[in-house]
file model_17.txt (compact mmCIF, C-alpha atoms)
# COMPACT_ATOMS: atom_id res chain seq x y z
CA MET A 1095 42.08 3.26 33.66
CA CYS A 1096 41.03 6.90 33.35
CA TYR A 1097 37.59 8.31 34.03
CA ALA A 1098 36.78 8.59 30.31
CA GLN A 1099 37.48 4.90 29.82
CA VAL A 1100 35.36 4.10 32.88
CA ALA A 1101 32.52 6.21 31.49
CA VAL A 1102 32.72 4.47 28.11
CA ALA A 1103 32.77 1.07 29.83
CA VAL A 1104 29.75 1.98 31.96
CA VAL A 1105 27.77 3.22 28.94
CA SER A 1106 28.70 0.07 27.05
CA ALA A 1107 27.62 -2.10 29.98
CA LEU A 1108 24.29 -0.30 30.23
CA ALA A 1109 23.71 -0.59 26.50
CA SER A 1110 24.42 -4.32 26.51
CA ALA A 1111 22.22 -4.76 29.60
CA SER A 1112 19.30 -3.06 27.86
CA VAL A 1113 19.23 -5.66 25.06
CA PRO A 1114 17.71 -8.52 27.10
CA ILE A 1115 15.19 -6.13 28.62
CA LEU A 1116 14.06 -4.86 25.21
CA GLN A 1117 13.84 -8.40 23.85
CA ALA A 1118 11.83 -9.47 26.88
CA GLN A 1119 9.46 -6.53 26.50
CA GLY A 1120 8.86 -7.45 22.87
CA GLN A 1121 8.19 -11.08 23.80
CA ALA A 1122 5.89 -9.99 26.64
CA GLN A 1123 3.89 -7.77 24.27
CA ALA A 1124 3.52 -10.67 21.85
CA ASP A 1125 2.41 -12.99 24.66
CA LYS A 1126 -0.13 -10.44 25.90
CA ALA A 1127 -1.49 -10.07 22.36
CA ASN A 1128 -1.75 -13.87 22.15
CA ALA A 1129 -3.62 -13.87 25.47
CA ARG A 1130 -6.18 -11.40 24.12
CA ALA A 1131 -6.47 -13.35 20.88
CA ALA A 1132 -7.08 -16.58 22.82
CA LEU A 1133 -9.92 -14.92 24.73
CA TYR A 1134 -11.49 -13.47 21.59
CA GLU A 1135 -11.21 -16.83 19.83
CA GLY A 1136 -12.82 -18.49 22.84
CA TYR A 1137 -15.68 -15.98 22.84
CA SER A 1138 -16.19 -16.61 19.14
CA GLN A 1139 -16.19 -20.39 19.61
CA GLU A 1140 -18.56 -20.07 22.55
CA ALA A 1141 -20.99 -17.97 20.51
CA GLN A 1142 -20.81 -20.51 17.67
CA ALA A 1143 -21.48 -23.37 20.11
CA ARG A 1144 -24.44 -21.43 21.51
CA ARG A 1145 -25.92 -20.98 18.02
CA GLU A 1146 -25.38 -24.65 17.19
CA GLY A 1147 -26.89 -25.71 20.53
CA ARG A 1148 -29.99 -23.59 19.98
CA SER A 1149 -30.31 -24.99 16.48
CA ALA A 1150 -30.01 -28.58 17.76
CA LEU A 1151 -32.61 -27.90 20.46
CA ALA A 1152 -34.97 -26.32 17.91
CA ASN A 1153 -34.53 -29.34 15.61
CA GLN A 1154 -35.41 -31.67 18.49
CA VAL A 1155 -38.52 -29.65 19.32
CA ALA A 1156 -39.57 -29.65 15.66
CA SER A 1157 -38.92 -33.37 15.30
CA LEU A 1158 -40.89 -34.23 18.41
CA SER A 1159 -43.73 -31.88 17.47
CA THR A 1160 -44.10 -33.35 13.96
CA ARG A 1161 -44.56 -36.79 15.53
CA GLY A 1162 -47.32 -35.48 17.74
CA VAL A 1163 -45.38 -35.95 20.97
CA SER A 1164 -46.48 -33.69 23.87
CA LEU A 1165 -43.64 -31.46 25.04
CA GLN A 1166 -45.42 -30.41 28.26
CA ASN A 1167 -44.12 -33.22 30.48
CA GLY A 1168 -42.47 -36.63 30.62
CA SER A 1169 -39.54 -38.02 28.67
CA PRO A 1170 -39.61 -35.53 25.76
CA LEU A 1171 -39.36 -32.64 28.19
CA ASP A 1172 -36.50 -34.40 30.01
CA LEU A 1173 -34.75 -34.94 26.66
CA LEU A 1174 -35.00 -31.24 25.79
CA ALA A 1175 -33.79 -30.20 29.25
CA GLU A 1176 -30.82 -32.57 28.99
CA THR A 1177 -29.94 -31.19 25.55
CA ALA A 1178 -30.05 -27.64 26.92
CA ARG A 1179 -27.82 -28.62 29.90
CA SER A 1180 -25.35 -30.36 27.60
CA ASN A 1181 -25.19 -27.32 25.33
CA GLU A 1182 -24.56 -25.01 28.29
CA LEU A 1183 -21.80 -27.24 29.67
CA ASN A 1184 -20.14 -27.30 26.24
CA GLN A 1185 -20.21 -23.51 26.09
CA LEU A 1186 -18.79 -23.19 29.60
CA GLN A 1187 -15.99 -25.63 28.74
CA ILE A 1188 -15.08 -23.60 25.66
CA ARG A 1189 -14.96 -20.43 27.79
CA ALA A 1190 -12.81 -22.11 30.46
CA ASN A 1191 -10.38 -23.45 27.85
CA ALA A 1192 -10.00 -19.99 26.34
CA GLN A 1193 -9.41 -18.45 29.76
CA ASN A 1194 -6.83 -21.11 30.60
CA GLN A 1195 -4.97 -20.52 27.32
CA SER A 1196 -5.04 -16.78 27.95
CA ASP A 1197 -3.64 -17.32 31.45
CA VAL A 1198 -0.79 -19.42 30.01
CA TYR A 1199 0.15 -16.59 27.64
CA ARG A 1200 0.01 -14.04 30.45
CA ALA A 1201 2.27 -16.22 32.60
CA GLN A 1202 4.69 -16.49 29.68
CA ALA A 1203 4.67 -12.69 29.36
CA SER A 1204 5.49 -12.31 33.05
CA ALA A 1205 8.25 -14.92 32.85
CA ALA A 1206 9.74 -13.22 29.78
CA LEU A 1207 9.94 -9.90 31.60
CA LYS A 1208 11.60 -11.48 34.62
CA GLN A 1209 14.06 -13.32 32.42
CA GLY A 1210 14.91 -10.06 30.67
CA TRP A 1211 15.72 -8.36 33.95
CA TYR A 1212 17.79 -11.34 35.07
CA GLY A 1213 19.65 -11.25 31.77
CA ALA A 1214 20.32 -7.55 32.22
CA ALA A 1215 21.60 -8.11 35.75
CA GLY A 1216 23.89 -10.88 34.51
CA SER A 1217 25.18 -8.68 31.73
CA LEU A 1218 25.91 -5.82 34.14
CA LEU A 1219 27.69 -8.15 36.53
CA SER A 1220 29.72 -9.63 33.72
CA GLN A 1221 30.70 -6.19 32.45
CA GLY A 1222 31.52 -5.10 36.00
CA SER A 1223 33.76 -8.11 36.38
CA LYS A 1224 35.59 -7.24 33.16
CA MET A 1225 36.02 -3.66 34.32
CA MET A 1226 37.41 -4.90 37.61
CA GLN A 1227 39.91 -7.12 35.83
CA LEU A 1228 41.06 -4.41 33.44
CA GLY A 1229 40.90 -1.36 35.63
CA ASN A 1230 42.69 -2.11 38.91
CA PHE A 1231 39.56 -1.21 40.86
CA GLY A 1232 39.35 -2.09 44.51
CA GLY A 1233 43.03 -1.69 45.45
CA GLY A 1234 43.37 1.97 44.64
CA SER A 1235 41.76 4.78 42.73
CA PRO A 1236 40.36 4.43 39.20
CA MET A 1237 43.31 6.53 38.02
CA GLY A 1238 45.83 3.96 39.17
CA GLY A 1239 47.75 3.39 42.36
CA GLY A 1240 47.36 0.73 44.98
CA ASP A 1241 48.90 -2.68 44.71
CA GLY A 1242 45.94 -4.30 42.97
CA SER A 1243 45.82 -7.23 45.38
CA SER A 1244 42.24 -6.53 46.40
CA ALA A 1245 41.32 -5.93 42.75
CA ALA A 1246 41.95 -9.57 41.95
CA ALA A 1247 39.81 -10.65 44.90
CA SER A 1248 37.04 -8.25 43.91
CA ALA A 1249 37.22 -9.36 40.27
CA ALA A 1250 36.99 -13.00 41.29
CA GLY A 1251 33.96 -12.21 43.46
CA ALA A 1252 32.29 -10.20 40.70
CA SER A 1253 33.07 -12.92 38.14
CA ALA A 1254 31.53 -15.55 40.39
CA ALA A 1255 28.54 -13.30 40.87
CA GLY A 1256 28.26 -12.81 37.09
CA SER A 1257 28.15 -16.51 36.42
CA ALA A 1258 25.58 -16.99 39.19
CA ALA A 1259 23.35 -14.41 37.55
CA SER A 1260 22.28 -16.87 34.87
CA GLY A 1261 20.15 -18.59 37.46
CA ALA A 1262 16.95 -16.66 38.06
CA ALA A 1263 16.80 -17.05 41.83
CA ALA A 1264 20.50 -16.46 42.42
CA SER A 1265 20.63 -13.33 40.30
CA SER A 1266 19.47 -10.77 42.86
CA ALA A 1267 21.61 -12.24 45.64
CA ALA A 1268 24.64 -12.27 43.35
CA ALA A 1269 23.94 -8.70 42.30
CA ASP A 1270 23.85 -7.59 45.94
CA ALA A 1271 27.11 -9.41 46.73
CA GLY A 1272 28.89 -8.30 43.56
CA MET A 1273 27.79 -4.68 43.74
CA GLY A 1274 28.69 -4.53 47.44
CA ALA A 1275 32.23 -5.65 46.62
CA GLU A 1276 32.53 -3.09 43.84
CA ILE A 1277 31.16 -0.19 45.85
CA GLY A 1278 33.29 -1.05 48.85
CA GLY A 1279 36.39 -1.12 46.67
CA LEU A 1280 35.70 2.24 45.01
CA TYR A 1281 35.52 4.22 48.25
call {"tool": "encode", "arguments": {"input": "model_17.txt", "output": "structure tokens"}}
result
Amino acid sequence: MCYAQVAVAVVSALASASVPILQAQGQAQADKANARAALYEGYSQEAQARREGRSALANQVASLSTRGVSLQNGSPLDLLAETARSNELNQLQIRANAQNQSDVYRAQASAALKQGWYGAAGSLLSQGSKMMQLGNFGGGSPMGGGDGSSAAASAAGASAAGSAASGAAASSAAADAGMGAEIGGLY
């Protein structure tokens, strides 16, 4: 395989490796936008709950006042205090739910980015394996020569590393092993 073919193969490998990264970045941007939207929706729901809670409390005060009940102490005051506490807890729960939903979207964005990088690593390893199989790398120079016996061993190692790259945790270890075999064979 000549240097021009190697260059074309490398450019092709890099182009195909960029696809999962670009897709992951798009998904991460969408997830981050969803996270912001979840927070804004939560703030809106919390404000609505606050308005409804104040209205309910005002209705209770008006109802008790029209009956001539003293609101200075005793059970009516306890009732109003309990209504206010219940309203506040409802608002806090709405806020917590919105924050939790936002956190879920942010975690999905982070996972999407990681998956994109793992996909790119797998693609590069797969392309490297194909280049090893086609190009007689490892046993001689890229221009030919050598008996090719170590090329088959390197290709098998790179192929095994490429298939291991589909697993997220194994990807970086496989990349180190596969790239070490390739670099060692080129020099």
call {"tool": "axis_aligned_box", "arguments": {"input": "model_17.txt", "around": "stretch 1162-1173 of chain A", "padding_each_side": "4 Å", "output": "JSON"}}
result
{"center_x": -41.0, "center_y": -34.2, "center_z": 24.2, "size_x": 20.6, "size_y": 15.6, "size_z": 20.9}
call {"tool": "residues_around", "arguments": {"input": "model_17.txt", "residues": "stretch 1102-1114 of chain A", "least_positions_apart": "4", "cutoff": "10 Å", "atoms": "all atoms listed in the file", "output": "ChimeraX atom specification"}}
result
/A:1097-1098,1118-1120,1206-1207,1209-1222,1224-1225
call {"tool": "atom_distance", "arguments": {"input": "model_17.txt", "atom1": "atom CA of A:Ala1127", "atom2": "atom CA of A:Ala1203"}}
result
9.7 Å
call {"tool": "residues_around", "arguments": {"input": "model_17.txt", "residues": "stretch 1152-1157 of chain A", "least_positions_apart": "4", "cutoff": "12 Å", "atoms": "only C-alpha atoms", "output": "MDAnalysis selection string"}}
result
chainID A and resid 1145:1148 1161:1166 1170:1178
call {"tool": "atom_distance", "arguments": {"input": "model_17.txt", "atom1": "atom CA of A:Arg1179", "atom2": "atom CA of A:Leu1158"}}
result
18.3 Å
call {"tool": "residues_around", "arguments": {"input": "model_17.txt", "residues": "A:Ala1131", "least_positions_apart": "4", "cutoff": "12 Å", "atoms": "only C-alpha atoms", "output": "list in words"}}
result
Ala1124, Asp1125, Lys1126, Ala1127, Glu1135, Gly1136, Tyr1137, Ser1138, Ala1192, Gln1193, Gln1195, Ser1196, Asp1197, Tyr1199 and Arg1200 of chain A
